[in-house]
$ cat data.txt   # compact mmCIF, C-alpha atoms and all ligand atoms
# COMPACT_ATOMS: atom_id res chain seq x y z
CA MET A 532 8.34 5.72 -14.61
CA VAL A 533 7.59 6.65 -11.02
CA GLN A 534 10.12 9.38 -10.10
CA PRO A 535 12.91 7.49 -8.25
CA SER A 536 13.76 10.56 -6.14
CA SER A 537 10.29 10.52 -4.56
CA LEU A 538 10.40 6.85 -3.61
CA PRO A 539 11.15 6.06 0.02
CA ALA A 540 13.54 3.15 0.35
CA GLY A 541 12.34 -0.21 1.65
CA ALA A 542 8.91 -1.33 2.68
CA GLY A 543 5.86 0.92 2.44
CA PRO A 544 2.16 1.05 3.33
CA ILE A 545 -0.53 -0.83 1.44
CA GLY A 546 -2.32 1.70 -0.78
CA VAL A 547 -6.13 1.73 -0.86
CA PHE A 548 -7.75 3.81 -3.60
CA ASP A 549 -11.34 4.86 -4.22
CA SER A 550 -13.20 7.67 -5.96
CA GLY A 551 -14.30 8.89 -2.52
CA PHE A 552 -15.59 7.61 0.80
CA GLY A 553 -16.58 4.14 -0.45
CA GLY A 554 -13.13 2.64 -0.07
CA LEU A 555 -13.34 3.27 3.68
CA THR A 556 -15.84 0.39 3.88
CA VAL A 557 -13.17 -1.91 2.47
CA LEU A 558 -10.32 -0.37 4.45
CA LYS A 559 -12.23 -0.96 7.69
CA ASN A 560 -12.47 -4.70 7.02
CA ILE A 561 -8.90 -4.99 5.78
CA ARG A 562 -7.57 -3.32 8.92
CA THR A 563 -9.66 -5.59 11.13
CA HIS A 564 -8.26 -8.68 9.40
CA LEU A 565 -4.72 -7.41 8.94
CA PRO A 566 -4.09 -4.79 11.65
CA GLN A 567 -0.33 -5.24 11.65
CA TYR A 568 0.26 -3.49 8.29
CA ASP A 569 0.48 0.22 7.46
CA TYR A 570 -2.15 1.67 5.13
CA LEU A 571 -2.39 4.79 2.98
CA PHE A 572 -5.91 5.61 1.82
CA LEU A 573 -6.52 7.93 -1.12
CA GLY A 574 -10.04 9.20 -1.88
CA ASP A 575 -10.54 11.23 -5.04
CA ASN A 576 -13.59 12.92 -3.47
CA ALA A 577 -13.21 16.05 -5.61
CA ARG A 578 -13.93 14.06 -8.77
CA ALA A 579 -16.43 11.51 -7.41
CA PRO A 580 -18.62 9.97 -8.64
CA TYR A 581 -16.66 7.90 -11.14
CA GLY A 582 -19.66 5.67 -11.87
CA THR A 583 -21.20 7.93 -14.49
CA ARG A 584 -17.89 8.79 -16.20
CA SER A 585 -16.50 7.32 -19.42
CA PHE A 586 -14.10 4.41 -19.56
CA ASP A 587 -11.17 6.63 -20.51
CA VAL A 588 -11.78 9.21 -17.77
CA VAL A 589 -12.05 6.53 -15.05
CA TYR A 590 -8.86 4.94 -16.37
CA GLN A 591 -6.94 8.26 -16.37
CA TYR A 592 -8.11 9.24 -12.87
CA THR A 593 -7.37 5.79 -11.46
CA LEU A 594 -3.92 5.74 -13.03
CA GLN A 595 -3.16 9.12 -11.44
CA GLY A 596 -4.24 7.73 -8.06
CA VAL A 597 -2.10 4.61 -8.45
CA LYS A 598 0.97 6.62 -9.51
CA THR A 599 0.53 8.90 -6.50
CA LEU A 600 0.31 5.94 -4.10
CA PHE A 601 3.41 4.40 -5.69
CA GLU A 602 5.26 7.71 -5.26
CA LYS A 603 4.23 7.73 -1.60
CA GLY A 604 5.98 4.39 -1.15
CA CYS A 605 3.19 1.81 -1.67
CA HIS A 606 4.33 -1.38 -3.41
CA LEU A 607 0.82 -2.84 -3.41
CA VAL A 608 -2.35 -0.89 -4.23
CA ILE A 609 -5.92 -2.15 -3.80
CA LEU A 610 -8.51 -0.50 -6.02
CA ALA A 611 -11.27 -0.42 -3.39
CA CYS A 612 -13.63 0.73 -6.11
CA ASN A 613 -15.66 -1.48 -8.42
CA THR A 614 -15.89 1.17 -11.11
CA ALA A 615 -12.11 1.55 -11.23
CA SER A 616 -11.67 -2.23 -11.01
CA ALA A 617 -14.09 -2.63 -13.93
CA LYS A 618 -12.75 0.13 -16.14
CA ALA A 619 -9.08 0.64 -15.29
CA LEU A 620 -7.58 -2.39 -13.54
CA ARG A 621 -6.83 -4.56 -16.55
CA THR A 622 -5.21 -1.76 -18.58
CA ILE A 623 -3.07 -0.70 -15.61
CA GLN A 624 -2.01 -4.31 -14.93
CA GLN A 625 -1.33 -5.21 -18.55
CA HIS A 626 0.01 -1.93 -19.92
CA ASP A 627 1.10 0.60 -17.31
CA LEU A 628 2.74 -1.49 -14.59
CA SER A 629 5.59 -2.67 -16.80
CA GLN A 630 6.48 0.97 -17.49
CA LEU A 631 5.83 2.33 -14.00
CA ASP A 632 7.52 -0.41 -12.00
CA PRO A 633 7.17 -4.10 -12.87
CA TYR A 634 7.68 -5.11 -9.21
CA ARG A 635 4.66 -3.22 -7.87
CA ARG A 636 1.14 -4.62 -7.95
CA VAL A 637 -2.41 -3.32 -8.30
CA LEU A 638 -5.34 -5.56 -7.28
CA GLY A 639 -9.08 -5.10 -7.81
CA ILE A 640 -12.14 -6.18 -5.82
CA ILE A 641 -14.52 -7.73 -8.35
CA ARG A 642 -12.88 -11.14 -8.58
CA PRO A 643 -12.77 -11.81 -4.79
CA THR A 644 -16.44 -10.84 -4.52
CA VAL A 645 -17.51 -13.14 -7.34
CA GLU A 646 -15.41 -15.98 -5.92
CA ALA A 647 -17.35 -15.72 -2.65
CA VAL A 648 -20.86 -15.49 -4.08
CA GLY A 649 -20.95 -19.06 -5.45
CA ALA A 650 -21.11 -20.56 -1.97
CA LEU A 651 -23.75 -18.12 -0.72
CA THR A 652 -26.72 -18.42 -3.09
CA ARG A 653 -29.13 -21.35 -2.97
CA THR A 654 -31.57 -20.31 -5.71
CA ARG A 655 -28.59 -19.44 -7.99
CA HIS A 656 -30.35 -16.12 -8.70
CA VAL A 657 -28.12 -13.23 -7.66
CA GLY A 658 -28.84 -9.50 -7.81
CA LEU A 659 -26.17 -6.87 -8.41
CA LEU A 660 -26.57 -3.22 -7.51
CA ALA A 661 -23.69 -1.06 -8.71
CA THR A 662 -22.78 2.16 -10.50
CA PRO A 663 -23.84 2.66 -14.13
CA GLY A 664 -20.17 2.20 -15.12
CA THR A 665 -19.78 -1.12 -13.34
CA VAL A 666 -23.10 -2.50 -14.62
CA SER A 667 -22.49 -1.46 -18.24
CA SER A 668 -18.91 -2.81 -18.19
CA GLN A 669 -20.42 -6.30 -17.61
CA SER A 670 -17.35 -7.15 -15.50
CA TYR A 671 -19.48 -8.99 -12.94
CA ASP A 672 -21.38 -10.89 -15.65
CA LEU A 673 -18.10 -12.02 -17.22
CA GLU A 674 -16.57 -13.17 -13.92
CA ILE A 675 -19.80 -14.96 -12.87
CA CYS A 676 -19.91 -16.70 -16.25
CA LYS A 677 -16.30 -17.90 -15.79
CA LEU A 678 -16.56 -19.01 -12.15
CA HIS A 679 -20.23 -19.95 -11.64
CA PRO A 680 -21.91 -20.48 -15.03
CA ASP A 681 -25.08 -21.81 -13.33
CA ILE A 682 -25.78 -18.49 -11.61
CA ARG A 683 -28.22 -16.03 -13.16
CA LEU A 684 -27.08 -12.47 -12.43
CA SER A 685 -29.49 -9.53 -12.66
CA GLY A 686 -27.74 -6.18 -12.49
CA LEU A 687 -29.21 -2.74 -11.94
CA ALA A 688 -27.46 0.63 -11.89
CA CYS A 689 -28.09 3.05 -9.02
CA PRO A 690 -26.83 6.40 -10.34
CA MET A 691 -28.07 8.38 -7.32
CA TRP A 692 -26.60 6.30 -4.54
CA VAL A 693 -22.96 7.46 -4.67
CA PRO A 694 -23.94 11.17 -4.78
CA LEU A 695 -26.09 10.55 -1.69
CA VAL A 696 -22.99 9.29 0.13
CA GLU A 697 -20.54 11.88 -1.20
CA ASN A 698 -23.00 14.68 -0.32
CA PHE A 699 -23.61 13.39 3.22
CA GLU A 700 -27.29 12.54 2.50
CA TYR A 701 -27.03 8.79 3.01
CA ASP A 702 -28.78 8.73 6.40
CA LYS A 703 -31.35 11.45 5.61
CA PRO A 704 -35.05 10.67 4.94
CA GLY A 705 -34.71 11.86 1.32
CA ALA A 706 -32.45 8.92 0.52
CA ASP A 707 -35.28 6.44 1.18
CA TYR A 708 -37.01 7.16 -2.13
CA PHE A 709 -33.90 6.39 -4.20
CA VAL A 710 -33.04 3.24 -2.25
CA LYS A 711 -36.58 1.80 -2.36
CA ASP A 712 -36.98 2.59 -6.05
CA ARG A 713 -33.90 0.60 -7.10
CA LEU A 714 -34.66 -2.37 -4.84
CA ASP A 715 -38.27 -2.57 -6.03
CA ASN A 716 -37.03 -2.52 -9.62
CA LEU A 717 -34.45 -5.24 -9.06
CA PHE A 718 -36.81 -7.65 -7.31
CA GLN A 719 -39.49 -7.08 -9.96
CA LYS A 720 -36.89 -8.03 -12.55
CA ASP A 721 -36.11 -11.30 -10.77
CA PRO A 722 -38.17 -12.30 -7.69
CA LEU A 723 -36.05 -15.44 -7.22
CA ILE A 724 -32.97 -13.49 -6.13
CA ASP A 725 -31.81 -14.79 -2.73
CA THR A 726 -28.43 -13.02 -2.64
CA LEU A 727 -27.95 -9.30 -3.21
CA LEU A 728 -24.49 -8.13 -4.09
CA LEU A 729 -23.64 -4.51 -3.26
CA GLY A 730 -21.12 -4.02 -6.07
CA CYS A 731 -20.09 -0.52 -5.08
CA THR A 732 -18.00 0.21 -2.03
CA HIS A 733 -20.07 3.32 -1.23
CA TYR A 734 -23.26 1.33 -0.72
CA PRO A 735 -22.54 0.00 2.82
CA PHE A 736 -23.08 3.61 3.98
CA LEU A 737 -26.71 3.09 2.88
CA LEU A 738 -26.98 -0.37 4.46
CA PRO A 739 -29.69 0.42 7.08
CA LYS A 740 -31.96 1.73 4.32
CA ILE A 741 -31.06 -1.10 1.92
CA GLU A 742 -31.96 -3.61 4.63
CA ARG A 743 -35.27 -1.84 5.20
CA TYR A 744 -36.40 -2.22 1.57
CA THR A 745 -34.93 -5.65 0.74
CA PRO A 746 -37.40 -8.59 0.88
CA ALA A 747 -37.06 -10.76 3.99
CA GLY A 748 -34.76 -13.76 3.63
CA VAL A 749 -32.50 -12.17 1.02
CA ARG A 750 -28.84 -12.15 1.98
CA ILE A 751 -27.07 -8.82 1.44
CA ILE A 752 -23.40 -9.06 0.56
CA THR A 753 -20.99 -6.20 1.21
CA GLN A 754 -17.51 -6.67 -0.14
CA GLY A 755 -15.13 -5.63 2.62
CA GLU A 756 -14.80 -8.96 4.35
CA TYR A 757 -14.22 -10.93 1.14
CA VAL A 758 -11.65 -8.44 -0.12
CA ALA A 759 -9.85 -8.58 3.23
CA ARG A 760 -9.68 -12.38 3.18
CA SER A 761 -8.51 -12.36 -0.41
CA LEU A 762 -5.74 -9.86 0.44
CA GLU A 763 -4.64 -12.02 3.36
CA ASP A 764 -4.46 -15.00 1.02
CA TYR A 765 -2.57 -12.95 -1.60
CA LEU A 766 0.07 -11.86 0.92
CA ARG A 767 0.46 -15.45 2.12
CA ARG A 768 1.03 -16.64 -1.46
CA HIS A 769 3.39 -13.74 -2.29
CA PRO A 770 6.01 -13.50 0.48
CA GLU A 771 8.14 -11.22 -1.72
CA MET A 772 5.30 -8.64 -1.69
CA ASP A 773 4.49 -9.28 1.96
CA ALA A 774 8.10 -8.33 2.82
CA LYS A 775 7.59 -4.97 1.07
CA CYS A 776 4.55 -4.06 3.21
CA SER A 777 5.59 -2.16 6.32
CA ARG A 778 4.11 -3.10 9.70
CA ARG A 779 3.55 -0.44 12.29
CA GLY A 780 -0.24 -0.67 12.32
CA SER A 781 -0.63 2.91 11.07
CA CYS A 782 -3.21 4.38 8.72
CA SER A 783 -2.92 7.69 6.83
CA PHE A 784 -5.43 9.44 4.60
CA LEU A 785 -5.27 11.60 1.49
CA THR A 786 -8.22 13.32 -0.19
CA THR A 787 -8.51 15.50 -3.26
CA GLU A 788 -11.37 17.45 -1.56
CA ASP A 789 -11.49 19.48 1.62
CA ALA A 790 -9.65 17.58 4.37
CA ASP A 791 -11.99 18.74 7.18
CA ASN A 792 -15.08 17.42 5.38
CA PHE A 793 -13.30 14.16 4.74
CA ASN A 794 -12.25 13.88 8.38
CA THR A 795 -15.80 14.36 9.66
CA THR A 796 -17.26 11.51 7.59
CA ALA A 797 -14.22 9.23 7.96
CA CYS A 798 -14.19 9.73 11.78
CA LEU A 799 -17.89 8.88 11.99
CA PHE A 800 -17.55 5.80 9.84
CA LEU A 801 -14.27 4.43 11.21
CA GLN A 802 -15.00 5.47 14.81
CA GLU A 803 -11.54 6.99 15.25
CA LYS A 804 -9.81 10.32 14.74
CA VAL A 805 -8.77 10.91 11.12
CA HIS A 806 -6.37 13.64 9.96
CA ALA A 807 -6.44 13.57 6.19
CA HIS A 808 -4.13 15.63 3.98
CA HIS A 809 -5.34 17.39 0.87
CA ILE A 810 -3.66 16.33 -2.35
CA VAL A 811 -3.97 17.29 -6.02
CA LEU A 812 -3.75 14.41 -8.49
CA GLU A 813 -1.85 15.17 -11.65
CA GLU A 814 -1.03 13.30 -14.82
N1 LIG A 901 -17.13 3.27 -4.73
C1 LIG A 901 -16.87 3.07 -6.11
C2 LIG A 901 -17.35 1.73 -6.59
O1 LIG A 901 -17.19 0.78 -5.86
C3 LIG A 901 -17.12 4.22 -7.04
C4 LIG A 901 -18.39 4.92 -6.99
C5 LIG A 901 -18.39 6.16 -7.85
O2 LIG A 901 -17.50 6.98 -7.72
O3 LIG A 901 -19.31 6.28 -8.66
O4 LIG A 901 -17.82 1.59 -7.69

$ encode --input "data.txt" --output "structure tokens" --more "lines below"
Ligand code: DGL
Amino acid sequence: MVQPSSLPAGAGPIGVFDSGFGGLTVLKNIRTHLPQYDYLFLGDNARAPYGTRSFDVVYQYTLQGVKTLFEKGCHLVILACNTASAKALRTIQQHDLSQLDPYRRVLGIIRPTVEAVGALTRTRHVGLLATPGTVSSQSYDLEICKLHPDIRLSGLACPMWVPLVENFEYDKPGADYFVKDRLDNLFQKDPLIDTLLLGCTHYPFLLPKIERYTPAGVRIITQGEYVARSLEDYLRRHPEMDAKCSRRGSCSFLTTEDADNFNTTACLFLQEKVHAHHIVLEE
């Protein structure tokens, strides 16, 4: 159970969790769509990347993040991380929530992305670039098969892309090699792809380079906007949860790494001052 003594009474911020900086790309869109709510972002930068870690480790780390956000007063937590959504979401929803607090909710970002893609592709050939963990989990393949069985999905793992972001190399010339290599590979695999899904929330940091090496005419999909719309829809359909989300338009940040480093990147990306607090995640 979440320790009752640490729970603030009443409504709380919407929690947004990621292994590191990637979740900021989702948070930015969510705040643009739904600026009235309070948000608490938690980046587990000290243990990123998650994408090359085992199922059990990603599950344990994600559960620690969710418990922490619950203890900080969040009633609703968005896993703004595909790897965590692929490897931890279902177990947390089906097993842990009933023990932690059956009235709180944890939502992922794979389903809203797949829902959107059906209306975007004309050739019905879609490419997926994601972490090794997300690709090998086949979570996208399963959701595509359920929602759009006529779409052919070609997935490719990009193990170097998240480290480029977490190590502040995403806009340096050295990143070009790794970006071009993966895109060349994907479009050799299936030249009919007309829609490219960036299935990792870190990848929008690399967007200028991804655009440079993607064939002309291919639509590149980042997830933030679709996740934001899906959250808006969720809150509309769940007024009981909506009432538990506080509304002062604030946003706070927690990181498991050095707060100053986090602030520098978060300020640059969000174009506002960020004062993160360091936190240690425990079981
Ligand atoms: N940004 C996360 C995702 O969407 C995790 C990346 C990682 O830590 O490997 O998959």

$ residues_around --input "data.txt" --residues "A:Gly755" --least-positions-apart "4" --cutoff "9 Å" --atoms "only C-alpha atoms" --output "PyMOL selection string"
chain A and resi 554+556-561+611+640+644+732+759-760

$ residues_near_ligand --input "data.txt" --ligand "ligand LIG 901 (chain A)" --cutoff "9 Å" --atoms "all atoms listed in the file" --output "JSON, numbers by chain"
{"A": [549, 550, 551, 552, 553, 554, 575, 576, 578, 579, 580, 581, 582, 583, 584, 610, 611, 612, 613, 614, 615, 616, 617, 640, 661, 662, 663, 664, 665, 690, 692, 693, 694, 697, 729, 730, 731, 732, 733, 734]}

$ closest_residue --input "data.txt" --among "A:Ala647, A:Val597, A:Glu602, A:Val805" --to "A:Asp627" --atoms "all atoms listed in the file"
A:Val597

$ closest_residue --input "data.txt" --among "A:Glu763, A:Arg778, A:Pro739, A:Phe784" --to "A:Cys798" --atoms "all atoms listed in the file"
A:Phe784

$ residues_around --input "data.txt" --residues "A:Glu814" --least-positions-apart "3" --cutoff "9 Å" --atoms "all atoms listed in the file" --output "list in words"
Gln591, Tyr592, Leu594, Gln595 and Lys598 of chain A

$ residues_around --input "data.txt" --residues "A:Leu573" --least-positions-apart "3" --cutoff "8 Å" --atoms "all atoms listed in the file" --output "PDB file with C-alpha atoms, in the frame of the given file"
ATOM      1  CA  GLY A 546      -2.320   1.700  -0.780  1.00  0.00           C
ATOM      2  CA  VAL A 547      -6.130   1.730  -0.860  1.00  0.00           C
ATOM      3  CA  PHE A 548      -7.750   3.810  -3.600  1.00  0.00           C
ATOM      4  CA  ASP A 549     -11.340   4.860  -4.220  1.00  0.00           C
ATOM      5  CA  GLY A 551     -14.300   8.890  -2.520  1.00  0.00           C
ATOM      6  CA  GLY A 596      -4.240   7.730  -8.060  1.00  0.00           C
ATOM      7  CA  LEU A 600       0.310   5.940  -4.100  1.00  0.00           C
ATOM      8  CA  PHE A 784      -5.430   9.440   4.600  1.00  0.00           C
ATOM      9  CA  LEU A 785      -5.270  11.600   1.490  1.00  0.00           C
ATOM     10  CA  THR A 786      -8.220  13.320  -0.190  1.00  0.00           C
TER      11      THR A 786
END

$ closest_residue --input "data.txt" --among "A:Gly543, A:Tyr671, A:Gln625, A:Phe793" --to "A:Arg642" --atoms "all atoms listed in the file"
A:Tyr671

$ residues_around --input "data.txt" --residues "A:Ala706" --least-positions-apart "2" --cutoff "10 Å" --atoms "only C-alpha atoms" --output "list in words"
Met691, Trp692, Leu695, Val696, Glu700, Tyr701, Asp702, Lys703, Pro704, Tyr708, Phe709, Val710, Lys711, Leu737 and Lys740 of chain A

$ residues_around --input "data.txt" --residues "A:Leu728" --least-positions-apart "2" --cutoff "12 Å" --atoms "only C-alpha atoms" --output "short mmCIF file (atom, residue, chain, number, x, y, z; two decimals) with C-alpha atoms, in the frame of the given file"
data_model
loop_
_atom_site.label_atom_id
_atom_site.label_comp_id
_atom_site.auth_asym_id
_atom_site.auth_seq_id
_atom_site.Cartn_x
_atom_site.Cartn_y
_atom_site.Cartn_z
CA ASN A 613 -15.66 -1.48 -8.42
CA ILE A 641 -14.52 -7.73 -8.35
CA THR A 644 -16.44 -10.84 -4.52
CA VAL A 645 -17.51 -13.14 -7.34
CA ALA A 647 -17.35 -15.72 -2.65
CA VAL A 648 -20.86 -15.49 -4.08
CA GLY A 649 -20.95 -19.06 -5.45
CA LEU A 651 -23.75 -18.12 -0.72
CA THR A 652 -26.72 -18.42 -3.09
CA HIS A 656 -30.35 -16.12 -8.70
CA VAL A 657 -28.12 -13.23 -7.66
CA GLY A 658 -28.84 -9.50 -7.81
CA LEU A 659 -26.17 -6.87 -8.41
CA LEU A 660 -26.57 -3.22 -7.51
CA ALA A 661 -23.69 -1.06 -8.71
CA TYR A 671 -19.48 -8.99 -12.94
CA LEU A 684 -27.08 -12.47 -12.43
CA SER A 685 -29.49 -9.53 -12.66
CA GLY A 686 -27.74 -6.18 -12.49
CA LEU A 687 -29.21 -2.74 -11.94
CA LEU A 714 -34.66 -2.37 -4.84
CA LEU A 717 -34.45 -5.24 -9.06
CA ILE A 724 -32.97 -13.49 -6.13
CA ASP A 725 -31.81 -14.79 -2.73
CA THR A 726 -28.43 -13.02 -2.64
CA GLY A 730 -21.12 -4.02 -6.07
CA CYS A 731 -20.09 -0.52 -5.08
CA THR A 732 -18.00 0.21 -2.03
CA TYR A 734 -23.26 1.33 -0.72
CA PRO A 735 -22.54 0.00 2.82
CA LEU A 738 -26.98 -0.37 4.46
CA ILE A 741 -31.06 -1.10 1.92
CA THR A 745 -34.93 -5.65 0.74
CA VAL A 749 -32.50 -12.17 1.02
CA ARG A 750 -28.84 -12.15 1.98
CA ILE A 751 -27.07 -8.82 1.44
CA ILE A 752 -23.40 -9.06 0.56
CA THR A 753 -20.99 -6.20 1.21
CA GLN A 754 -17.51 -6.67 -0.14
CA GLY A 755 -15.13 -5.63 2.62
CA TYR A 757 -14.22 -10.93 1.14
#

$ axis_aligned_box --input "data.txt" --around "stretch 686-691 of chain A" --padding-each-side "6 Å" --output "AutoDock Vina command-line options"
--center_x -28.0 --center_y 1.1 --center_z -9.9 --size_x 14.4 --size_y 26.6 --size_z 17.2

$ closest_residue --input "data.txt" --among "A:Thr796, A:His606, A:Asp681, A:Arg653" --to "A:Asp632" --atoms "all atoms listed in the file"
A:His606

$ closest_residue --input "data.txt" --among "A:Arg713, A:Lys775, A:Arg562, A:Arg683" --to "A:Glu756" --atoms "all atoms listed in the file"
A:Arg562

$ atom_distance --input "data.txt" --atom1 "atom CA of A:Asp569" --atom2 "atom CA of A:Cys782"
5.7 Å

$ atom_distance --input "data.txt" --atom1 "atom CA of A:Phe736" --atom2 "atom CA of A:Ala688"
16.7 Å

$ atom_distance --input "data.txt" --atom1 "atom CA of A:Pro566" --atom2 "atom CA of A:Ile623"
27.6 Å

$ closest_residue --input "data.txt" --among "A:Ser667, A:Thr795, A:Gln624, A:Ser781" --to "A:Ile609" --atoms "all atoms listed in the file"
A:Gln624

$ build_atoms --input "data.txt" --residues "stretch 627-653 of chain A" --atoms "N, CA and C atoms" --output "compact mmCIF listing (two decimals), in the coordinates of the input"
# COMPACT_ATOMS: atom_id res chain seq x y z
N ASP A 627 0.35 -0.45 -18.02
CA ASP A 627 1.10 0.60 -17.31
C ASP A 627 2.13 0.09 -16.32
N LEU A 628 1.83 -1.03 -15.65
CA LEU A 628 2.74 -1.49 -14.59
C LEU A 628 4.14 -1.75 -15.10
N SER A 629 4.26 -2.34 -16.28
CA SER A 629 5.59 -2.67 -16.80
C SER A 629 6.42 -1.41 -16.99
N GLN A 630 5.74 -0.29 -17.31
CA GLN A 630 6.48 0.97 -17.49
C GLN A 630 6.70 1.70 -16.17
N LEU A 631 5.70 1.61 -15.28
CA LEU A 631 5.83 2.33 -14.00
C LEU A 631 6.85 1.66 -13.09
N ASP A 632 6.62 0.38 -12.84
CA ASP A 632 7.52 -0.41 -12.00
C ASP A 632 7.00 -1.85 -12.00
N PRO A 633 7.68 -2.73 -12.72
CA PRO A 633 7.17 -4.10 -12.87
C PRO A 633 7.10 -4.89 -11.56
N TYR A 634 7.69 -4.37 -10.48
CA TYR A 634 7.68 -5.11 -9.21
C TYR A 634 6.55 -4.66 -8.29
N ARG A 635 5.81 -3.64 -8.70
CA ARG A 635 4.66 -3.22 -7.87
C ARG A 635 3.39 -3.89 -8.38
N ARG A 636 2.36 -3.91 -7.57
CA ARG A 636 1.14 -4.62 -7.95
C ARG A 636 -0.11 -3.79 -7.64
N VAL A 637 -1.11 -3.95 -8.50
CA VAL A 637 -2.41 -3.32 -8.30
C VAL A 637 -3.46 -4.43 -8.36
N LEU A 638 -4.31 -4.51 -7.33
CA LEU A 638 -5.34 -5.56 -7.28
C LEU A 638 -6.73 -4.92 -7.24
N GLY A 639 -7.71 -5.61 -7.80
CA GLY A 639 -9.08 -5.10 -7.81
C GLY A 639 -9.95 -5.86 -6.82
N ILE A 640 -11.26 -5.57 -6.83
CA ILE A 640 -12.14 -6.18 -5.82
C ILE A 640 -13.32 -6.93 -6.44
N ILE A 641 -13.38 -7.03 -7.74
CA ILE A 641 -14.52 -7.73 -8.35
C ILE A 641 -14.33 -9.24 -8.25
N ARG A 642 -13.14 -9.70 -8.60
CA ARG A 642 -12.88 -11.14 -8.58
C ARG A 642 -13.11 -11.77 -7.19
N PRO A 643 -12.53 -11.20 -6.11
CA PRO A 643 -12.77 -11.81 -4.79
C PRO A 643 -14.24 -11.85 -4.40
N THR A 644 -15.00 -10.86 -4.85
CA THR A 644 -16.44 -10.84 -4.52
C THR A 644 -17.16 -11.95 -5.26
N VAL A 645 -16.84 -12.11 -6.53
CA VAL A 645 -17.51 -13.14 -7.34
C VAL A 645 -17.11 -14.54 -6.84
N GLU A 646 -15.85 -14.68 -6.45
CA GLU A 646 -15.41 -15.98 -5.92
C GLU A 646 -16.28 -16.39 -4.74
N ALA A 647 -16.60 -15.42 -3.88
CA ALA A 647 -17.35 -15.72 -2.65
C ALA A 647 -18.82 -16.05 -2.92
N VAL A 648 -19.41 -15.43 -3.92
CA VAL A 648 -20.86 -15.49 -4.08
C VAL A 648 -21.37 -16.90 -4.41
N GLY A 649 -20.54 -17.71 -5.04
CA GLY A 649 -20.95 -19.06 -5.45
C GLY A 649 -21.42 -19.92 -4.29
N ALA A 650 -20.77 -19.73 -3.13
CA ALA A 650 -21.11 -20.56 -1.97
C ALA A 650 -22.28 -19.98 -1.18
N LEU A 651 -22.77 -18.81 -1.56
CA LEU A 651 -23.75 -18.12 -0.72
C LEU A 651 -25.19 -18.23 -1.24
N THR A 652 -25.37 -18.38 -2.55
CA THR A 652 -26.72 -18.42 -3.09
C THR A 652 -27.25 -19.86 -3.20
N ARG A 653 -28.51 -20.03 -2.82
CA ARG A 653 -29.13 -21.35 -2.97
C ARG A 653 -29.98 -21.40 -4.24
